[in-house]
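One file, upload_14.txt, is given below (compact mmCIF, C-alpha atoms).
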```
# COMPACT_ATOMS: atom_id res chain seq x y z
CA MET A 1 -8.38 -43.79 4.25
CA PRO A 2 -8.76 -42.14 0.83
CA SER A 3 -6.15 -42.82 -1.83
CA GLU A 4 -3.96 -40.10 -3.30
CA PHE A 5 -6.29 -40.05 -6.30
CA ASP A 6 -9.26 -39.26 -4.09
CA LEU A 7 -7.75 -36.37 -2.13
CA ILE A 8 -7.90 -33.74 -4.86
CA ARG A 9 -11.46 -34.84 -5.71
CA ARG A 10 -12.40 -34.46 -2.04
CA LEU A 11 -10.79 -31.03 -1.88
CA GLY A 12 -12.90 -30.06 -4.88
CA LEU A 13 -16.01 -30.75 -2.83
CA PHE A 14 -15.18 -27.73 -0.67
CA GLN A 15 -15.93 -25.48 -3.66
CA SER A 16 -19.12 -25.13 -5.69
CA LEU A 17 -17.75 -22.51 -8.09
CA GLN A 18 -17.90 -23.46 -11.78
CA ARG A 19 -16.40 -21.04 -14.29
CA ASP A 20 -17.48 -21.15 -17.92
CA GLU A 21 -13.83 -21.11 -19.01
CA VAL A 22 -13.14 -24.45 -17.28
CA VAL A 23 -14.41 -26.94 -19.84
CA LEU A 24 -13.08 -30.01 -18.01
CA GLY A 25 -12.01 -30.05 -14.39
CA ILE A 26 -11.14 -32.60 -11.74
CA GLY A 27 -11.47 -36.26 -12.74
CA ASP A 28 -9.46 -36.72 -15.94
CA ASP A 29 -5.78 -36.92 -16.77
CA ALA A 30 -5.75 -33.21 -17.61
CA ALA A 31 -8.06 -30.24 -17.28
CA ILE A 32 -9.21 -28.15 -20.24
CA LEU A 33 -9.44 -24.37 -20.08
CA ASP A 34 -10.96 -22.11 -22.73
CA VAL A 35 -9.10 -18.87 -23.49
CA PRO A 36 -11.46 -16.19 -24.89
CA ALA A 37 -10.63 -14.65 -28.26
CA GLY A 38 -8.40 -11.60 -27.90
CA TRP A 39 -6.88 -12.79 -24.63
CA GLN A 40 -3.67 -14.59 -23.65
CA LEU A 41 -3.11 -17.16 -20.92
CA ALA A 42 -0.78 -16.20 -18.06
CA VAL A 43 0.46 -19.12 -15.93
CA SER A 44 2.36 -18.92 -12.65
CA THR A 45 3.53 -21.65 -10.26
CA ASP A 46 4.61 -21.18 -6.63
CA THR A 47 5.82 -23.75 -4.11
CA PHE A 48 5.51 -23.34 -0.34
CA ASN A 49 7.53 -25.50 2.05
CA ARG A 50 7.07 -25.81 5.78
CA GLY A 51 9.94 -24.19 7.65
CA VAL A 52 10.89 -22.05 4.64
CA HIS A 53 7.76 -20.17 3.53
CA PHE A 54 5.80 -20.46 6.76
CA PRO A 55 6.79 -21.29 10.35
CA GLU A 56 6.14 -24.88 11.39
CA GLU A 57 3.46 -23.88 13.90
CA THR A 58 1.33 -22.03 11.32
CA ALA A 59 -2.32 -23.10 11.38
CA ALA A 60 -3.52 -25.21 8.44
CA CYS A 61 -6.19 -22.67 7.45
CA ASP A 62 -3.57 -19.91 7.29
CA ILE A 63 -1.25 -22.10 5.18
CA GLY A 64 -4.11 -22.75 2.76
CA TYR A 65 -5.08 -19.09 2.56
CA LYS A 66 -1.54 -17.82 2.09
CA SER A 67 -0.57 -20.39 -0.54
CA MET A 68 -3.52 -19.30 -2.66
CA ALA A 69 -3.21 -15.57 -2.01
CA ALA A 70 0.55 -15.43 -2.62
CA SER A 71 0.11 -17.31 -5.90
CA LEU A 72 -2.58 -14.87 -7.01
CA SER A 73 -0.17 -12.01 -6.30
CA ASP A 74 2.08 -13.14 -9.17
CA VAL A 75 -0.68 -12.87 -11.79
CA ALA A 76 -1.83 -9.59 -10.20
CA ALA A 77 1.62 -8.21 -11.02
CA MET A 78 1.00 -9.12 -14.67
CA GLY A 79 -2.33 -7.27 -14.72
CA ALA A 80 -4.09 -10.59 -15.34
CA GLU A 81 -7.48 -11.87 -14.19
CA PRO A 82 -7.19 -15.25 -12.40
CA LEU A 83 -9.56 -17.99 -13.56
CA ALA A 84 -8.49 -21.38 -12.28
CA VAL A 85 -5.87 -23.16 -10.21
CA ASN A 86 -4.11 -26.51 -9.91
CA LEU A 87 -3.00 -27.68 -6.47
CA SER A 88 -0.34 -30.26 -5.62
CA LEU A 89 0.13 -31.40 -2.03
CA SER A 90 2.94 -33.35 -0.42
CA MET A 91 2.00 -34.47 3.11
CA PRO A 92 3.97 -36.51 5.67
CA VAL A 93 0.81 -38.21 7.02
CA HIS A 94 -2.85 -38.30 6.09
CA ASP A 95 -4.55 -35.92 8.52
CA GLU A 96 -8.24 -35.22 7.85
CA GLU A 97 -8.42 -32.38 10.36
CA TRP A 98 -5.38 -30.63 8.86
CA LEU A 99 -6.68 -31.14 5.33
CA ALA A 100 -10.08 -29.68 6.19
CA GLY A 101 -8.46 -26.62 7.77
CA PHE A 102 -6.17 -26.16 4.78
CA ALA A 103 -9.12 -26.40 2.38
CA ARG A 104 -11.13 -23.80 4.33
CA GLY A 105 -8.32 -21.27 4.06
CA PHE A 106 -7.42 -22.13 0.47
CA PHE A 107 -10.97 -21.75 -0.84
CA GLU A 108 -11.67 -18.67 1.26
CA SER A 109 -8.98 -16.94 -0.79
CA ALA A 110 -9.85 -18.64 -4.09
CA ASN A 111 -13.58 -17.86 -3.84
CA GLN A 112 -12.86 -14.21 -3.10
CA PHE A 113 -11.45 -13.92 -6.64
CA GLN A 114 -13.75 -16.48 -8.32
CA VAL A 115 -10.89 -18.91 -8.95
CA GLN A 116 -11.87 -22.54 -9.60
CA LEU A 117 -9.81 -25.55 -8.56
CA MET A 118 -9.57 -27.66 -11.72
CA GLY A 119 -6.93 -30.28 -10.91
CA GLY A 120 -3.81 -31.28 -9.03
CA ASP A 121 -1.91 -34.10 -7.39
CA THR A 122 -1.03 -35.47 -3.96
CA THR A 123 1.96 -37.42 -2.71
CA HIS A 124 3.60 -38.61 0.48
CA GLY A 125 6.55 -36.57 1.76
CA PRO A 126 7.53 -33.41 3.69
CA LEU A 127 4.77 -30.82 3.82
CA SER A 128 4.91 -28.85 0.57
CA ILE A 129 2.25 -27.06 -1.45
CA SER A 130 2.55 -26.18 -5.14
CA VAL A 131 -0.04 -23.89 -6.68
CA THR A 132 -0.36 -23.15 -10.40
CA VAL A 133 -2.63 -20.23 -11.30
CA PHE A 134 -4.13 -19.76 -14.76
CA ALA A 135 -5.14 -16.20 -15.64
CA THR A 136 -6.08 -14.23 -18.75
CA VAL A 137 -4.90 -10.85 -19.96
CA PRO A 138 -5.72 -8.95 -23.16
CA ILE A 139 -3.23 -9.65 -25.95
CA GLU A 140 -0.07 -7.52 -25.62
CA GLN A 141 -1.32 -5.85 -22.43
CA ALA A 142 0.41 -7.99 -19.80
CA LEU A 143 2.56 -5.99 -17.40
CA ARG A 144 6.21 -7.05 -17.36
CA ARG A 145 9.35 -6.20 -15.42
CA SER A 146 11.17 -4.97 -18.49
CA GLY A 147 9.11 -1.98 -19.64
CA ALA A 148 10.29 0.84 -17.37
CA GLN A 149 11.99 3.88 -18.89
CA ALA A 150 14.19 6.54 -17.31
CA GLY A 151 11.97 9.28 -15.89
CA ASP A 152 9.13 6.97 -14.83
CA LEU A 153 7.63 7.37 -11.37
CA ILE A 154 7.83 4.46 -8.92
CA TYR A 155 4.69 3.49 -6.99
CA VAL A 156 3.79 0.90 -4.39
CA THR A 157 0.42 -0.21 -3.07
CA GLY A 158 -0.61 -0.54 0.56
CA THR A 159 1.96 -0.54 3.35
CA LEU A 160 5.31 -2.31 3.57
CA GLY A 161 7.19 -4.12 6.33
CA ASP A 162 4.24 -5.52 8.28
CA ALA A 163 5.00 -9.15 7.43
CA GLY A 164 8.66 -8.75 8.37
CA ALA A 165 7.69 -7.33 11.76
CA ALA A 166 5.21 -10.19 12.23
CA LEU A 167 7.95 -12.75 11.70
CA LEU A 168 9.94 -11.17 14.53
CA VAL A 169 6.83 -11.45 16.70
CA LEU A 170 6.41 -15.15 15.89
CA GLN A 171 10.11 -15.76 16.56
CA GLU A 172 9.56 -14.07 19.95
CA ALA A 173 12.20 -11.47 19.14
CA LEU A 174 9.52 -8.78 19.49
CA LYS A 175 6.68 -8.65 22.00
CA LEU A 176 3.68 -6.48 21.17
CA PRO A 177 0.27 -5.87 22.77
CA GLU A 178 -3.04 -6.61 21.08
CA PRO A 179 -4.46 -5.61 18.64
CA GLN A 180 -1.09 -4.50 17.18
CA ARG A 181 0.25 -8.05 17.29
CA SER A 182 -2.76 -9.62 15.56
CA MET A 183 -2.80 -7.06 12.76
CA LEU A 184 0.85 -7.63 11.89
CA VAL A 185 0.62 -11.43 12.12
CA GLY A 186 -2.52 -11.30 9.98
CA ARG A 187 -0.58 -9.46 7.29
CA LEU A 188 2.00 -12.27 7.27
CA ASN A 189 -0.44 -15.19 7.32
CA ARG A 190 -3.21 -13.71 5.19
CA PRO A 191 -1.81 -11.35 2.55
CA ALA A 192 -4.15 -9.50 0.21
CA PRO A 193 -3.26 -10.08 -3.46
CA ARG A 194 -3.76 -6.84 -5.40
CA VAL A 195 -5.63 -8.41 -8.32
CA GLU A 196 -8.03 -5.52 -8.94
CA THR A 197 -5.27 -2.93 -8.81
CA GLY A 198 -3.15 -4.94 -11.24
CA MET A 199 -5.95 -4.96 -13.80
CA LEU A 200 -6.71 -1.26 -13.29
CA ILE A 201 -3.13 -0.11 -13.90
CA ARG A 202 -2.63 -2.08 -17.15
CA ASP A 203 -3.14 1.02 -19.30
CA TYR A 204 -0.84 3.18 -17.18
CA ALA A 205 2.06 1.14 -15.76
CA SER A 206 5.22 0.54 -17.77
CA ALA A 207 6.50 -2.28 -15.51
CA CYS A 208 5.28 -4.14 -12.44
CA ILE A 209 6.33 -6.75 -9.88
CA ASP A 210 4.84 -8.07 -6.66
CA ILE A 211 6.82 -7.49 -3.46
CA SER A 212 7.45 -11.01 -2.19
CA ASP A 213 11.19 -10.86 -1.44
CA GLY A 214 11.49 -7.26 -0.23
CA LEU A 215 11.08 -3.84 -1.87
CA ALA A 216 14.79 -3.30 -2.58
CA ALA A 217 15.27 -6.73 -4.14
CA ASP A 218 12.06 -6.71 -6.17
CA LEU A 219 12.44 -3.13 -7.43
CA SER A 220 15.99 -4.09 -8.45
CA HIS A 221 14.53 -6.83 -10.65
CA ILE A 222 12.60 -4.16 -12.58
CA LEU A 223 15.72 -1.99 -12.86
CA GLU A 224 17.85 -4.88 -14.08
CA ARG A 225 15.34 -6.12 -16.63
CA SER A 226 14.65 -2.59 -17.88
CA GLY A 227 18.32 -1.52 -17.94
CA ILE A 228 17.88 1.57 -15.78
CA ALA A 229 18.61 2.98 -12.31
CA ALA A 230 16.39 4.60 -9.69
CA THR A 231 16.30 6.97 -6.76
CA LEU A 232 14.00 5.98 -3.92
CA TYR A 233 12.91 8.43 -1.19
CA VAL A 234 12.85 6.26 1.90
CA ASP A 235 10.59 8.53 3.96
CA GLN A 236 7.90 8.13 1.27
CA ILE A 237 7.62 4.36 1.81
CA PRO A 238 4.15 3.82 3.30
CA LEU A 239 4.00 2.30 6.79
CA SER A 240 1.04 1.04 8.81
CA ALA A 241 0.25 2.62 12.17
CA GLU A 242 1.05 -0.75 13.76
CA LEU A 243 4.55 -0.85 12.27
CA LYS A 244 5.18 2.79 13.18
CA GLY A 245 4.37 1.81 16.76
CA CYS A 246 7.33 -0.59 16.91
CA PHE A 247 9.52 0.95 14.21
CA ASP A 248 12.78 1.27 16.15
CA ALA A 249 12.34 -2.15 17.77
CA VAL A 250 12.20 -3.92 14.39
CA GLY A 251 15.28 -2.18 13.01
CA GLY A 252 13.78 0.91 11.41
CA TRP A 253 13.82 1.15 7.62
CA THR A 254 15.56 -2.20 7.21
CA VAL A 255 12.23 -4.02 7.55
CA PRO A 256 10.13 -2.16 4.92
CA LEU A 257 13.10 -2.13 2.54
CA ASN A 258 14.23 -5.73 2.84
CA SER A 259 11.60 -7.98 4.41
CA GLY A 260 9.40 -10.07 2.15
CA ASP A 261 5.89 -11.49 2.19
CA ASP A 262 4.06 -8.15 1.88
CA TYR A 263 2.65 -9.11 -1.56
CA GLU A 264 2.00 -5.50 -2.49
CA LEU A 265 2.67 -4.25 -6.02
CA CYS A 266 5.63 -2.11 -7.07
CA PHE A 267 5.15 -0.50 -10.47
CA THR A 268 6.49 2.28 -12.67
CA VAL A 269 4.41 4.87 -14.52
CA PRO A 270 5.43 7.45 -17.14
CA SER A 271 5.14 10.93 -15.64
CA SER A 272 2.76 11.89 -18.47
CA LYS A 273 0.21 9.40 -17.09
CA GLN A 274 0.54 10.32 -13.41
CA GLY A 275 -2.56 12.51 -13.26
CA GLU A 276 -4.79 9.97 -15.01
CA LEU A 277 -3.55 7.14 -12.83
CA GLU A 278 -4.05 8.99 -9.56
CA ASN A 279 -7.51 10.21 -10.61
CA LEU A 280 -8.47 6.62 -11.46
CA LEU A 281 -7.35 5.21 -8.13
CA THR A 282 -8.38 8.06 -5.81
CA GLY A 283 -10.56 6.68 -3.05
CA LYS A 284 -9.87 3.05 -3.98
CA GLN A 285 -8.18 0.53 -1.73
CA PRO A 286 -5.37 -0.11 -1.38
CA ALA A 287 -3.96 3.38 -1.68
CA ILE A 288 -0.98 3.92 -3.98
CA HIS A 289 2.13 5.87 -3.02
CA CYS A 290 4.82 7.47 -5.19
CA ILE A 291 8.21 6.67 -3.64
CA GLY A 292 10.78 7.55 -6.29
CA MET A 293 11.80 7.89 -9.91
CA THR A 294 13.75 5.86 -12.43
CA GLU A 295 16.78 7.32 -14.18
CA THR A 296 19.68 6.38 -16.41
CA GLY A 297 22.38 4.22 -14.87
CA ASP A 298 22.52 0.87 -13.12
CA SER A 299 22.13 1.44 -9.36
CA LEU A 300 19.44 1.88 -6.74
CA ARG A 301 20.01 5.01 -4.67
CA LEU A 302 18.27 5.58 -1.36
CA ILE A 303 17.66 9.11 -0.12
CA MET A 304 17.42 8.60 3.65
CA PRO A 305 15.13 10.75 5.84
CA ASP A 306 18.15 12.72 7.09
CA GLY A 307 19.20 13.53 3.52
CA THR A 308 22.12 11.10 3.32
CA ILE A 309 22.44 8.97 0.20
CA LYS A 310 23.06 5.23 0.15
CA VAL A 311 23.67 3.03 -2.85
CA ILE A 312 22.48 -0.39 -1.80
CA GLU A 313 22.94 -4.01 -2.66
CA PRO A 314 19.52 -5.67 -2.40
CA THR A 315 19.22 -8.10 0.53
CA GLY A 316 15.88 -9.74 -0.21
CA TYR A 317 15.52 -13.49 0.27
CA ASP A 318 17.25 -15.84 -2.16
CA HIS A 319 16.60 -19.52 -1.51
CA PHE A 320 19.91 -20.84 -2.80
CA ARG A 321 22.00 -18.08 -1.24
CA GLU A 322 20.36 -18.85 2.10
CA ALA A 323 20.85 -22.57 1.56
CA ARG A 324 24.57 -22.01 1.09
CA LYS A 325 24.64 -20.16 4.41
CA VAL A 326 22.85 -23.02 6.14
CA VAL A 327 25.50 -25.50 4.99
CA ALA A 328 28.07 -23.53 6.96
CA ARG A 329 25.98 -23.57 10.15
CA ALA A 330 25.34 -26.30 12.64
CA PRO A 331 22.28 -28.24 11.36
CA GLU A 332 20.04 -27.32 14.28
CA GLN A 333 20.91 -23.64 13.98
CA GLY A 334 20.18 -23.62 10.27
CA ALA A 335 16.76 -25.18 10.85
CA ARG A 336 15.83 -22.41 13.24
CA ASN A 337 16.95 -19.66 10.91
CA ARG A 338 15.10 -20.73 7.77
CA SER A 339 11.59 -20.24 9.15
CA ASN A 340 10.57 -17.65 6.56
CA ARG A 341 12.00 -15.78 3.60
CA SER A 342 11.39 -12.41 5.30
CA VAL A 343 14.80 -12.32 6.97
```
Render the structure in this file as structure tokens.
Amino acid sequence: MPSEFDLIRRLGLFQSLQRDEVVLGIGDDAAILDVPAGWQLAVSTDTFNRGVHFPEETAACDIGYKSMAASLSDVAAMGAEPLAVNLSLSMPVHDEEWLAGFARGFFESANQFQVQLMGGDTTHGPLSISVTVFATVPIEQALRRSGAQAGDLIYVTGTLGDAGAALLVLQEALKLPEPQRSMLVGRLNRPAPRVETGMLIRDYASACIDISDGLAADLSHILERSGIAATLYVDQIPLSAELKGCFDAVGGWTVPLNSGDDYELCFTVPSSKQGELENLLTGKQPAIHCIGMTETGDSLRLIMPDGTIKVIEPTGYDHFREARKVVARAPEQGARNRSNRSV
């Protein structure tokens, strides 16, 4: 059985990629990364725990893929180009088959964006994955949450709510035929980080965030950090055909507004740059959709499809709020209800 010091080295064998920026990789006490002149280093760390960020029955390859892809989504929201990654694994037992499946999924996502594994750590304990992504962005061009101004347009990429619907499917609260089921579950287990879009919108967006905890919650982070309000036109939120096919069964607009794990981008753009932005992204995937506008104030207003207005309190996932709820439940009930941050 390999030691903990060997496991990261063995994982590195699954990848042949060698970036010029990685001067020293796996094998020493620390890795060394070159940052090109005129660029800044953006660093993001995410942790994924079994039973919280993915259901316990999730396949190892899907856990590997999602942990990498979701981590890349954070640097995509900064408009940064990912270069390298550190991986730390806590595992309850040494399982070669599980590790091989995890590595296949992890490097499938990493290789798609030319991201090199350059270090990490392993330990014994409950299944937990921590991923630290290193990315570069031109000096003073990183997208932040705090740059939106009143009068900016609000955009999102792709479609929203698919991952939330998929969680209901996996919890057996919703039964769907194929291929509708597989598409939605695929969106939950294998999200697509919008790295290229993030880099393309650097010169146009005033603020940006990735949608990991739900549109309402994540857009509210931009509003809070920027000190503004917004009006969102709910019927402009983009939905997939698969979600439209079970829309009432999943609770209607609650899912695209509040469920997490979509990993799309939500960003604001000055109205003066709207034409340039849309010309730049016409025909590119994912499509972008204008869903509202920022304004003075401190609230998030929803214009519902029937014309009614709601001022909402965001209900996206908060780990410690949910943990406080679990304390008040019977232990076995709490364990069942913490399967994913989408609800």
Within 8 Å of range 115-118 of chain A, counting only C-alpha atoms, which residues qualify if same-chain residues fewer than 6 places away don't, as an mmCIF file with C-alpha atoms, keeping the file's coordinate frame?
```cif
data_model
loop_
_atom_site.group_PDB
_atom_site.id
_atom_site.type_symbol
_atom_site.label_atom_id
_atom_site.label_comp_id
_atom_site.auth_asym_id
_atom_site.auth_seq_id
_atom_site.Cartn_x
_atom_site.Cartn_y
_atom_site.Cartn_z
ATOM 1 C CA GLY A 12 -12.900 -30.060 -4.880
ATOM 2 C CA GLN A 15 -15.930 -25.480 -3.660
ATOM 3 C CA LEU A 17 -17.750 -22.510 -8.090
ATOM 4 C CA GLN A 18 -17.900 -23.460 -11.780
ATOM 5 C CA ARG A 19 -16.400 -21.040 -14.290
ATOM 6 C CA VAL A 22 -13.140 -24.450 -17.280
ATOM 7 C CA LEU A 24 -13.080 -30.010 -18.010
ATOM 8 C CA GLY A 25 -12.010 -30.050 -14.390
ATOM 9 C CA ILE A 26 -11.140 -32.600 -11.740
ATOM 10 C CA ALA A 31 -8.060 -30.240 -17.280
ATOM 11 C CA PRO A 82 -7.190 -15.250 -12.400
ATOM 12 C CA LEU A 83 -9.560 -17.990 -13.560
ATOM 13 C CA ALA A 84 -8.490 -21.380 -12.280
ATOM 14 C CA VAL A 85 -5.870 -23.160 -10.210
ATOM 15 C CA ASN A 86 -4.110 -26.510 -9.910
ATOM 16 C CA LEU A 87 -3.000 -27.680 -6.470
#
```
Nearest to Pro270 in chain A: which of A:Glu21, A:Asp46, A:Glu295, A:Glu172 is it, counting all atoms listed in the file?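 With all atoms listed in the file as the atom set, the closest residue is A:Glu295.
For the pair CA of Gly27 in chain A and CA of Leu89 in chain A, the separation is 16.5 Å.
For the pair CA of Gln114 in chain A and CA of Ala60 in chain A, the separation is 21.5 Å.
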I'd like the contact shell of Pro138 in chain A - 9 Å cut-off, all atoms listed in the file, skipping same-chain residues fewer than 4 positions apart - returned as a list in words.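 In the requested format, the answer is Gly38, Trp39, Gln40, Leu41, Ala80 and Ala142 of chain A.
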Just give me the gap between CA of Leu243 in chain A and CA of Cys61 in chain A in Å, one decimal is fine.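 So the two atoms, CA of Leu243 in chain A and CA of Cys61 in chain A, lie 24.8 Å apart.
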Have a look at A:Gly297, A:Gly147, A:Gly307, A:Pro92 and name the one nearest to Ile228 in chain A; count all atoms listed in the file. A:Gly297
